[in-house]
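The file data07.cif comes next; it holds mmCIF, C-alpha atoms.
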data_final
#
loop_
_atom_site.label_atom_id
_atom_site.label_comp_id
_atom_site.auth_asym_id
_atom_site.auth_seq_id
_atom_site.Cartn_x
_atom_site.Cartn_y
_atom_site.Cartn_z
CA MET A 1 120.31 101.00 120.00
CA LEU A 2 117.38 102.79 118.37
CA ASP A 3 116.18 105.81 120.28
CA GLN A 4 113.29 108.24 119.88
CA HIS A 5 115.20 110.33 117.35
CA CYS A 6 115.79 107.21 115.24
CA GLY A 7 112.08 106.44 115.41
CA GLU A 8 111.15 109.89 114.16
CA LEU A 9 113.51 109.61 111.22
CA LEU A 10 112.42 106.08 110.42
CA GLU A 11 108.95 107.47 109.78
CA ALA A 12 110.40 108.98 106.62
CA LEU A 13 112.18 105.84 105.44
CA SER A 14 109.56 104.74 102.91
CA LEU A 15 109.49 108.20 101.35
CA TYR A 16 113.29 108.23 101.28
CA ILE A 17 113.45 104.82 99.58
CA ASP A 18 110.82 105.91 97.04
CA HIS A 19 112.69 109.20 96.39
CA GLU A 20 109.63 111.09 97.59
CA ALA A 21 111.12 112.72 100.69
CA SER A 22 111.79 116.45 100.71
CA GLN A 23 115.36 117.67 100.43
CA ALA A 24 115.33 118.76 104.07
CA VAL A 25 114.16 115.33 105.22
CA CYS A 26 116.76 113.60 103.02
CA GLU A 27 119.53 115.73 104.48
CA ALA A 28 118.39 115.12 108.06
CA LEU A 29 118.10 111.40 107.44
CA GLU A 30 121.45 111.09 105.71
CA GLN A 31 123.15 113.06 108.47
CA HIS A 32 121.64 110.72 111.04
CA LEU A 33 122.43 107.59 109.02
CA ALA A 34 126.09 108.58 108.84
CA GLY A 35 126.37 108.21 112.60
CA CYS A 36 123.83 105.49 113.38
CA VAL A 37 124.72 101.93 112.42
CA ASP A 38 121.34 100.56 113.56
CA CYS A 39 119.40 102.89 111.30
CA ARG A 40 121.73 102.04 108.41
CA THR A 41 120.94 98.38 109.04
CA VAL A 42 117.21 99.06 109.07
CA LEU A 43 117.45 101.02 105.81
CA LYS A 44 119.58 98.38 104.11
CA THR A 45 117.43 95.43 105.19
CA LEU A 46 114.26 97.35 104.38
CA GLU A 47 115.49 98.01 100.83
CA LYS A 48 116.48 94.34 100.54
CA THR A 49 113.04 93.25 101.77
CA ILE A 50 111.30 95.33 99.09
CA ALA A 51 113.71 94.08 96.42
CA LEU A 52 113.09 90.46 97.40
CA TYR A 53 109.34 90.85 97.06
CA ARG A 54 109.58 92.68 93.76
CA GLY A 55 112.04 90.12 92.41
CA SER A 56 110.08 87.11 93.60
CA ARG A 57 106.98 87.85 91.58
CA PRO A 58 107.66 88.04 87.87
CA GLU A 59 104.57 88.92 85.90
CA GLN A 60 102.92 85.80 84.57
CA PRO A 61 100.32 85.65 81.81
CA LEU A 62 96.82 84.72 82.86
CA PRO A 63 96.58 80.90 82.87
CA ALA A 64 94.80 79.75 79.71
CA ASP A 65 92.13 77.79 81.56
CA VAL A 66 91.38 80.71 83.88
CA HIS A 67 91.15 83.02 80.87
CA GLN A 68 88.81 80.69 79.03
CA ARG A 69 86.50 80.26 82.03
CA LEU A 70 86.33 84.04 82.39
CA LEU A 71 85.38 84.49 78.73
CA ASP A 72 82.79 81.72 79.03
CA LEU A 73 81.30 83.33 82.12
CA LEU A 74 81.08 86.72 80.44
CA GLY A 75 79.65 85.26 77.25
CA LEU A 76 82.70 86.35 75.29
CA SER A 77 84.04 83.01 74.10
CA GLY A 78 85.38 83.29 70.59
CA SER A 79 85.62 87.07 70.85
CA ARG A 80 89.13 88.16 71.81
CA ALA A 81 89.23 91.84 70.96
CA LEU A 82 86.35 93.78 72.40
CA PRO A 83 86.04 97.53 72.56
CA ASP A 84 85.99 98.71 76.15
CA GLY A 85 82.59 98.20 77.70
CA SER A 86 80.90 97.32 74.44
CA ALA A 87 79.75 93.91 75.49
CA GLY A 88 78.32 92.38 78.60
CA PRO A 89 77.17 89.07 79.94
CA GLY A 90 73.69 89.78 78.70
CA MET B 1 88.90 95.61 78.70
CA VAL B 2 89.02 91.91 79.58
CA GLU B 3 92.11 91.20 77.50
CA THR B 4 93.98 94.22 78.81
CA TYR B 5 93.17 94.08 82.49
CA SER B 6 92.37 90.47 83.40
CA PRO B 7 96.04 89.49 84.02
CA GLN B 8 96.54 92.47 86.36
CA VAL B 9 93.32 91.80 88.25
CA PHE B 10 94.28 88.14 88.62
CA HIS B 11 97.76 89.04 89.88
CA LEU B 12 96.31 91.45 92.43
CA ALA B 13 93.87 88.84 93.72
CA SER B 14 96.59 86.17 93.79
CA HIS B 15 98.95 88.39 95.74
CA MET B 16 96.29 89.31 98.25
CA LEU B 17 94.69 85.92 98.74
CA HIS B 18 97.42 83.34 98.00
CA ASP B 19 94.75 80.96 96.81
CA PRO B 20 94.38 80.28 93.07
CA GLN B 21 90.70 79.35 93.31
CA GLU B 22 89.80 82.42 95.34
CA ALA B 23 91.87 84.58 93.00
CA GLU B 24 89.90 83.25 90.04
CA ASP B 25 86.64 83.89 91.90
CA VAL B 26 87.70 87.49 92.48
CA LEU B 27 88.69 87.84 88.82
CA GLN B 28 85.26 86.66 87.72
CA GLU B 29 83.39 88.75 90.28
CA THR B 30 85.39 91.82 89.30
CA PHE B 31 84.50 91.62 85.61
CA LEU B 32 80.89 90.64 86.26
CA ASN B 33 80.52 93.67 88.53
CA ALA B 34 82.38 95.88 86.08
CA PHE B 35 80.16 94.85 83.18
CA ARG B 36 77.07 95.55 85.25
CA ALA B 37 78.36 98.95 86.38
CA ILE B 38 80.23 100.14 83.29
CA GLY B 39 77.44 102.63 82.56
CA ARG B 40 78.15 104.31 85.89
CA PHE B 41 81.91 104.54 85.30
CA GLU B 42 82.54 108.28 85.38
CA GLY B 43 86.13 108.32 84.24
CA ARG B 44 87.37 110.23 87.29
CA SER B 45 90.02 107.56 87.68
CA SER B 46 91.46 105.36 84.95
CA LEU B 47 89.63 102.24 83.90
CA GLY B 48 92.47 100.18 85.36
CA THR B 49 92.24 101.90 88.74
CA TRP B 50 88.47 101.43 88.73
CA LEU B 51 88.90 97.70 88.12
CA TYR B 52 91.60 97.51 90.80
CA ARG B 53 89.12 99.14 93.20
CA ILE B 54 86.48 96.52 92.47
CA ALA B 55 89.02 93.69 92.72
CA ALA B 56 90.61 95.02 95.92
CA ASN B 57 87.20 95.32 97.55
CA GLN B 58 86.33 91.77 96.58
CA ALA B 59 89.65 90.47 97.90
CA LEU B 60 89.36 92.47 101.12
CA MET B 61 85.88 91.09 101.75
CA ARG B 62 87.30 87.59 101.48
CA LEU B 63 90.23 88.42 103.78
CA ARG B 64 87.85 89.87 106.35
CA ARG B 65 85.76 86.72 106.20
CA ARG B 66 88.88 84.70 106.94
CA ALA B 67 89.87 86.92 109.87
CA PRO B 68 86.83 88.86 111.10
CA ALA B 69 88.79 90.53 113.87
CA ALA B 70 91.42 91.91 111.51
CA VAL B 71 91.73 95.61 110.83
CA SER B 72 89.32 96.86 108.19
CA ILE B 73 90.44 99.01 105.31
CA ASP B 74 88.02 101.63 106.61
CA GLU B 75 89.30 101.68 110.15
CA PRO B 76 91.55 104.45 111.38
CA ILE B 77 95.21 103.54 111.15
CA ASP B 78 96.17 105.15 114.42
CA ASN B 79 96.03 102.11 116.62
CA GLY B 80 98.52 99.92 118.43
CA GLU B 81 99.10 97.39 115.70
CA THR B 82 100.38 100.02 113.32
CA GLU B 83 103.26 101.12 115.53
CA PRO B 84 106.51 100.02 113.91
CA ILE B 85 108.36 97.47 115.98
CA LEU B 86 112.06 97.13 115.26
CA LEU B 87 113.72 94.30 117.08
CA GLU B 88 115.97 92.72 114.48
CA LEU B 89 119.03 94.85 113.87
CA PHE B 90 121.40 92.46 112.16
CA ASP B 91 122.39 93.24 108.58
CA TRP B 92 121.54 89.97 106.82
CA CYS B 93 122.16 91.45 103.38
CA CYS B 94 125.62 89.85 103.66
CA LEU B 95 124.10 86.43 102.96
CA PRO B 96 124.95 84.89 99.58
CA GLU B 97 122.28 85.65 96.97
CA GLU B 98 121.36 81.98 96.62
CA GLU B 99 120.15 82.03 100.25
CA PHE B 100 117.36 84.36 99.15
CA MET B 101 116.28 82.13 96.30
CA THR B 102 115.65 78.86 98.14
CA ALA B 103 112.14 77.43 98.30
CA GLU B 104 112.24 77.90 102.06
CA ALA B 105 113.14 81.57 101.69
CA GLN B 106 110.32 82.06 99.19
CA ASP B 107 107.95 80.40 101.66
CA GLN B 108 109.10 82.89 104.27
CA LEU B 109 108.19 85.75 101.94
CA GLU B 110 104.71 84.26 101.55
CA THR B 111 104.31 83.64 105.26
CA ALA B 112 105.38 87.18 106.11
CA ILE B 113 102.98 88.81 103.70
CA GLY B 114 100.25 86.52 104.98
CA GLY B 115 100.84 88.00 108.42
CA LEU B 116 99.92 91.52 107.32
CA SER B 117 96.50 92.85 108.20
CA PRO B 118 94.17 93.24 105.18
CA ALA B 119 94.58 97.02 105.31
CA LEU B 120 98.37 96.86 105.17
CA LYS B 121 98.44 94.01 102.70
CA ALA B 122 96.21 95.84 100.22
CA VAL B 123 98.50 98.87 100.18
CA PHE B 124 101.70 96.82 99.96
CA VAL B 125 100.38 94.66 97.11
CA LEU B 126 99.16 97.62 95.07
CA ARG B 127 102.22 99.82 95.64
CA ASP B 128 105.15 97.42 95.80
CA LEU B 129 103.96 94.38 93.86
CA GLU B 130 101.61 95.88 91.28
CA GLY B 131 103.59 99.09 90.94
CA LEU B 132 100.72 101.55 91.32
CA SER B 133 101.56 105.10 92.34
CA THR B 134 100.55 106.50 95.71
CA LEU B 135 97.67 108.39 94.06
CA GLU B 136 96.45 105.35 92.12
CA THR B 137 96.59 103.20 95.26
CA ALA B 138 94.68 105.84 97.21
CA GLU B 139 92.00 105.94 94.49
CA ALA B 140 91.78 102.16 94.23
CA LEU B 141 91.36 101.73 97.99
CA GLU B 142 89.41 104.95 98.51
CA ILE B 143 91.73 106.18 101.24
CA SER B 144 93.91 109.28 101.47
CA GLU B 145 97.40 109.46 100.00
CA ALA B 146 98.71 110.09 103.53
CA ALA B 147 97.11 106.84 104.67
CA VAL B 148 98.73 105.01 101.76
CA LYS B 149 102.16 106.32 102.75
CA THR B 150 101.69 105.47 106.41
CA ARG B 151 100.38 101.98 105.74
CA LEU B 152 103.10 101.28 103.20
CA LEU B 153 105.77 102.11 105.77
CA ARG B 154 104.06 99.94 108.39
CA ALA B 155 103.73 97.04 105.97
CA ARG B 156 107.33 97.27 104.80
CA LEU B 157 108.67 97.47 108.37
CA GLN B 158 106.56 94.50 109.46
CA LEU B 159 107.79 92.45 106.51
CA ARG B 160 111.38 93.49 107.19
CA GLU B 161 110.99 92.37 110.77
CA SER B 162 109.59 88.97 109.75
CA LEU B 163 112.28 88.36 107.15
CA SER B 164 115.01 89.59 109.47
CA ALA B 165 114.16 86.94 112.04
CA TYR B 166 114.50 84.24 109.39
CA PHE B 167 117.55 85.53 107.54
CA THR B 168 119.42 86.42 110.73
CA GLU B 169 119.05 82.79 111.75
CA ARG B 170 120.37 81.71 108.35
CA ALA B 171 123.32 84.04 108.84
CA ARG B 172 124.01 82.56 112.26
CA GLU B 173 123.97 79.06 110.79
CA ALA B 174 126.43 80.21 108.15
CA GLY B 175 128.68 81.72 110.81
CA LEU B 176 128.06 85.26 109.55
CA ALA B 177 126.32 86.54 112.68
#
What do you get writing this file as structure tokens?
Amino acid sequence: MLDQHCGELLEALSLYIDHEASQAVCEALEQHLAGCVDCRTVLKTLEKTIALYRGSRPEQPLPADVHQRLLDLLGLSGSRALPDGSAGPG
Amino acid sequence: MVETYSPQVFHLASHMLHDPQEAEDVLQETFLNAFRAIGRFEGRSSLGTWLYRIAANQALMRLRRRAPAAVSIDEPIDNGETEPILLELFDWCCLPEEEFMTAEAQDQLETAIGGLSPALKAVFVLRDLEGLSTLETAEALEISEAAVKTRLLRARLQLRESLSAYFTERAREAGLA
């Protein structure tokens, strides 16, 4: 059963997962996790949740028709390599 | 600029809006606005972050129009809806990997992210789906790094809760829970 102490430590879970938590916070969290099965479950399922989202969305190229309509709108059709900011829609 | 950043802008809009037509609208609005304002780009953030900021604002405006009562990106985060709620405490990671790859499971991922408030969704999409750093996300959304961290935790916990309800049920059906 999660208690108030669990809740306080869970506040640091994102930082812990992202390896951004301080050493002191990591040690406190790991010490707590060793004795708290519920918090271990939360950590494990939280990591799995993030992994599922990251794995479910492989980077896709811009659809060709969407790309073409964007170039048409911006008046850039036929011009594929523009210097940054050097051209505009007019 | 268009060739380099249009895929990323489109991905961001797609992730936030889950509507291909609206995502294309945001893509077009973003570059039209960027072209108009390029002279005012001061280079304090990267060009990519600047474009993300324009795109995120466009997407958030559309999300707010869909749900006017939802939390604004500008609102303080210290309110009731941001308190983490942890009800599901079954470890569903024991499910076979194929259970996570079904069309139904993928729909659950979409449904869960659709349940996030615009403020939480924007942070989650930029940090966890687009891979921006905390600083880049803060600059793109014009909020503090502390707010990014807090909202990211809230978003992740809310998504975990939503997915846990679904996958725990799958585990029960499989006799694992």
Pull out every residue that the PyMOL selection byres ((chain B) within 6 of (chain A)) matches in the shown coordinates and put them as a compact mmCIF listing (two decimals) with C-alpha atoms, in the frame of the given file.
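Output (out-v7.txt):
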# COMPACT_ATOMS: atom_id res chain seq x y z
CA MET B 1 88.90 95.61 78.70
CA PRO B 7 96.04 89.49 84.02
CA PHE B 35 80.16 94.85 83.18
CA ASP B 91 122.39 93.24 108.58
CA LEU B 129 103.96 94.38 93.86
CA LEU B 153 105.77 102.11 105.77
CA ARG B 160 111.38 93.49 107.19
- prompt: Any chance you could work out the residue set of the PyMOL selection byres ((chain B and resi 94) around 12) here, as a ChimeraX atom specification?
  reply: /A:41,44-45,48 /B:90-93,95-100,167-168,170-172,174-177
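Atom CA of B:Glu130 to atom CA of B:His11 spans 8.0 Å [interatomic distance, one decimal].
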message: Applying the PyMOL selection byres ((chain B and resi 25) around 10) to the file I just gave you, which residues come out? Please list them as a PyMOL selection string.
response: (chain A and resi 66+70) or (chain B and resi 10+13+19-24+26-30+58-59)
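You will find atom CA of B:Gln106 at 11.2 Å from atom CA of B:Tyr166.
The interatomic distance for the pair atom CA of B:Ser6 and atom CA of B:Leu51 works out to 9.3 Å.
The residue that comes closest to A:Leu29, out of A:Leu9, A:Gln68, A:Asp3, A:Ile17 and on the basis of all atoms listed in the file, is A:Leu9.
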Kindly compute an axis-aligned box around the listed atoms of stretch 1-12 of chain B, allowing 3 Å on each side, and express its centre and edge lengths in Å to one decimal as AutoDock Vina command-line options.
--center_x 93.3 --center_y 91.9 --center_z 85.0 --size_x 14.9 --size_y 13.5 --size_z 20.9
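Each of B:Glu161, B:Ala138, B:Leu89, B:Arg151 was compared to B:Phe124 using all atoms listed in the file, and B:Arg151 turns out to be the nearest.
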Could you get me a file of stretch 2-37 of chain A with N, CA and C atoms, as a compact mmCIF listing (two decimals), in the first residue's frame, taken from the block above?
# COMPACT_ATOMS: atom_id res chain seq x y z
N LEU A 2 0.62 2.16 -0.93
CA LEU A 2 1.42 3.38 -1.00
C LEU A 2 1.07 4.28 0.17
N ASP A 3 2.09 4.83 0.81
CA ASP A 3 1.84 5.77 1.89
C ASP A 3 2.43 7.13 1.54
N GLN A 4 2.43 8.04 2.49
CA GLN A 4 2.89 9.40 2.21
C GLN A 4 4.37 9.41 1.81
N HIS A 5 5.16 8.55 2.46
CA HIS A 5 6.58 8.50 2.14
C HIS A 5 6.77 8.05 0.68
N CYS A 6 5.99 7.06 0.27
CA CYS A 6 6.04 6.62 -1.13
C CYS A 6 5.75 7.80 -2.05
N GLY A 7 4.70 8.54 -1.72
CA GLY A 7 4.29 9.67 -2.55
C GLY A 7 5.40 10.69 -2.70
N GLU A 8 6.10 10.96 -1.63
CA GLU A 8 7.20 11.94 -1.68
C GLU A 8 8.31 11.44 -2.61
N LEU A 9 8.62 10.16 -2.51
CA LEU A 9 9.69 9.62 -3.35
C LEU A 9 9.25 9.51 -4.81
N LEU A 10 7.98 9.23 -5.01
CA LEU A 10 7.48 9.11 -6.38
C LEU A 10 7.61 10.43 -7.13
N GLU A 11 7.63 11.54 -6.40
CA GLU A 11 7.81 12.84 -7.04
C GLU A 11 9.12 12.89 -7.82
N ALA A 12 10.07 12.07 -7.41
CA ALA A 12 11.39 12.10 -8.05
C ALA A 12 11.53 11.03 -9.14
N LEU A 13 10.45 10.28 -9.39
CA LEU A 13 10.58 9.14 -10.30
C LEU A 13 10.99 9.52 -11.72
N SER A 14 10.39 10.59 -12.24
CA SER A 14 10.73 11.01 -13.60
C SER A 14 12.22 11.35 -13.69
N LEU A 15 12.69 12.11 -12.72
CA LEU A 15 14.11 12.49 -12.72
C LEU A 15 14.98 11.25 -12.61
N TYR A 16 14.56 10.30 -11.81
CA TYR A 16 15.31 9.06 -11.64
C TYR A 16 15.37 8.29 -12.96
N ILE A 17 14.23 8.17 -13.62
CA ILE A 17 14.18 7.45 -14.90
C ILE A 17 15.05 8.16 -15.95
N ASP A 18 15.06 9.47 -15.92
CA ASP A 18 15.83 10.25 -16.91
C ASP A 18 17.29 10.45 -16.49
N HIS A 19 17.69 9.79 -15.39
CA HIS A 19 19.06 9.92 -14.86
C HIS A 19 19.40 11.38 -14.55
N GLU A 20 18.41 12.11 -14.06
CA GLU A 20 18.63 13.51 -13.73
C GLU A 20 18.49 13.77 -12.23
N ALA A 21 18.26 12.72 -11.45
CA ALA A 21 18.12 12.90 -10.01
C ALA A 21 19.50 12.99 -9.36
N SER A 22 19.57 13.73 -8.28
CA SER A 22 20.84 13.85 -7.56
C SER A 22 21.21 12.50 -6.94
N GLN A 23 22.48 12.38 -6.58
CA GLN A 23 22.94 11.12 -5.99
C GLN A 23 22.18 10.83 -4.69
N ALA A 24 21.93 11.87 -3.91
CA ALA A 24 21.23 11.67 -2.63
C ALA A 24 19.81 11.16 -2.87
N VAL A 25 19.14 11.74 -3.87
CA VAL A 25 17.78 11.31 -4.18
C VAL A 25 17.79 9.88 -4.71
N CYS A 26 18.75 9.56 -5.56
CA CYS A 26 18.85 8.19 -6.09
C CYS A 26 19.02 7.19 -4.95
N GLU A 27 19.90 7.52 -4.03
CA GLU A 27 20.16 6.59 -2.92
C GLU A 27 18.92 6.41 -2.06
N ALA A 28 18.22 7.52 -1.78
CA ALA A 28 17.01 7.44 -0.96
C ALA A 28 15.94 6.62 -1.67
N LEU A 29 15.82 6.85 -2.97
CA LEU A 29 14.81 6.14 -3.74
C LEU A 29 15.12 4.65 -3.82
N GLU A 30 16.38 4.34 -4.09
CA GLU A 30 16.76 2.93 -4.23
C GLU A 30 16.61 2.18 -2.90
N GLN A 31 16.93 2.88 -1.82
CA GLN A 31 16.77 2.27 -0.50
C GLN A 31 15.28 1.96 -0.25
N HIS A 32 14.44 2.90 -0.63
CA HIS A 32 13.00 2.70 -0.44
C HIS A 32 12.48 1.60 -1.36
N LEU A 33 12.92 1.63 -2.61
CA LEU A 33 12.46 0.64 -3.58
C LEU A 33 12.79 -0.79 -3.14
N ALA A 34 13.93 -0.94 -2.48
CA ALA A 34 14.36 -2.27 -2.06
C ALA A 34 13.34 -2.91 -1.11
N GLY A 35 12.61 -2.06 -0.39
CA GLY A 35 11.67 -2.61 0.60
C GLY A 35 10.21 -2.37 0.28
N CYS A 36 9.93 -1.80 -0.89
CA CYS A 36 8.53 -1.44 -1.19
C CYS A 36 8.13 -2.00 -2.56
N VAL A 37 7.39 -3.09 -2.54
CA VAL A 37 7.02 -3.75 -3.78
C VAL A 37 6.09 -2.89 -4.63
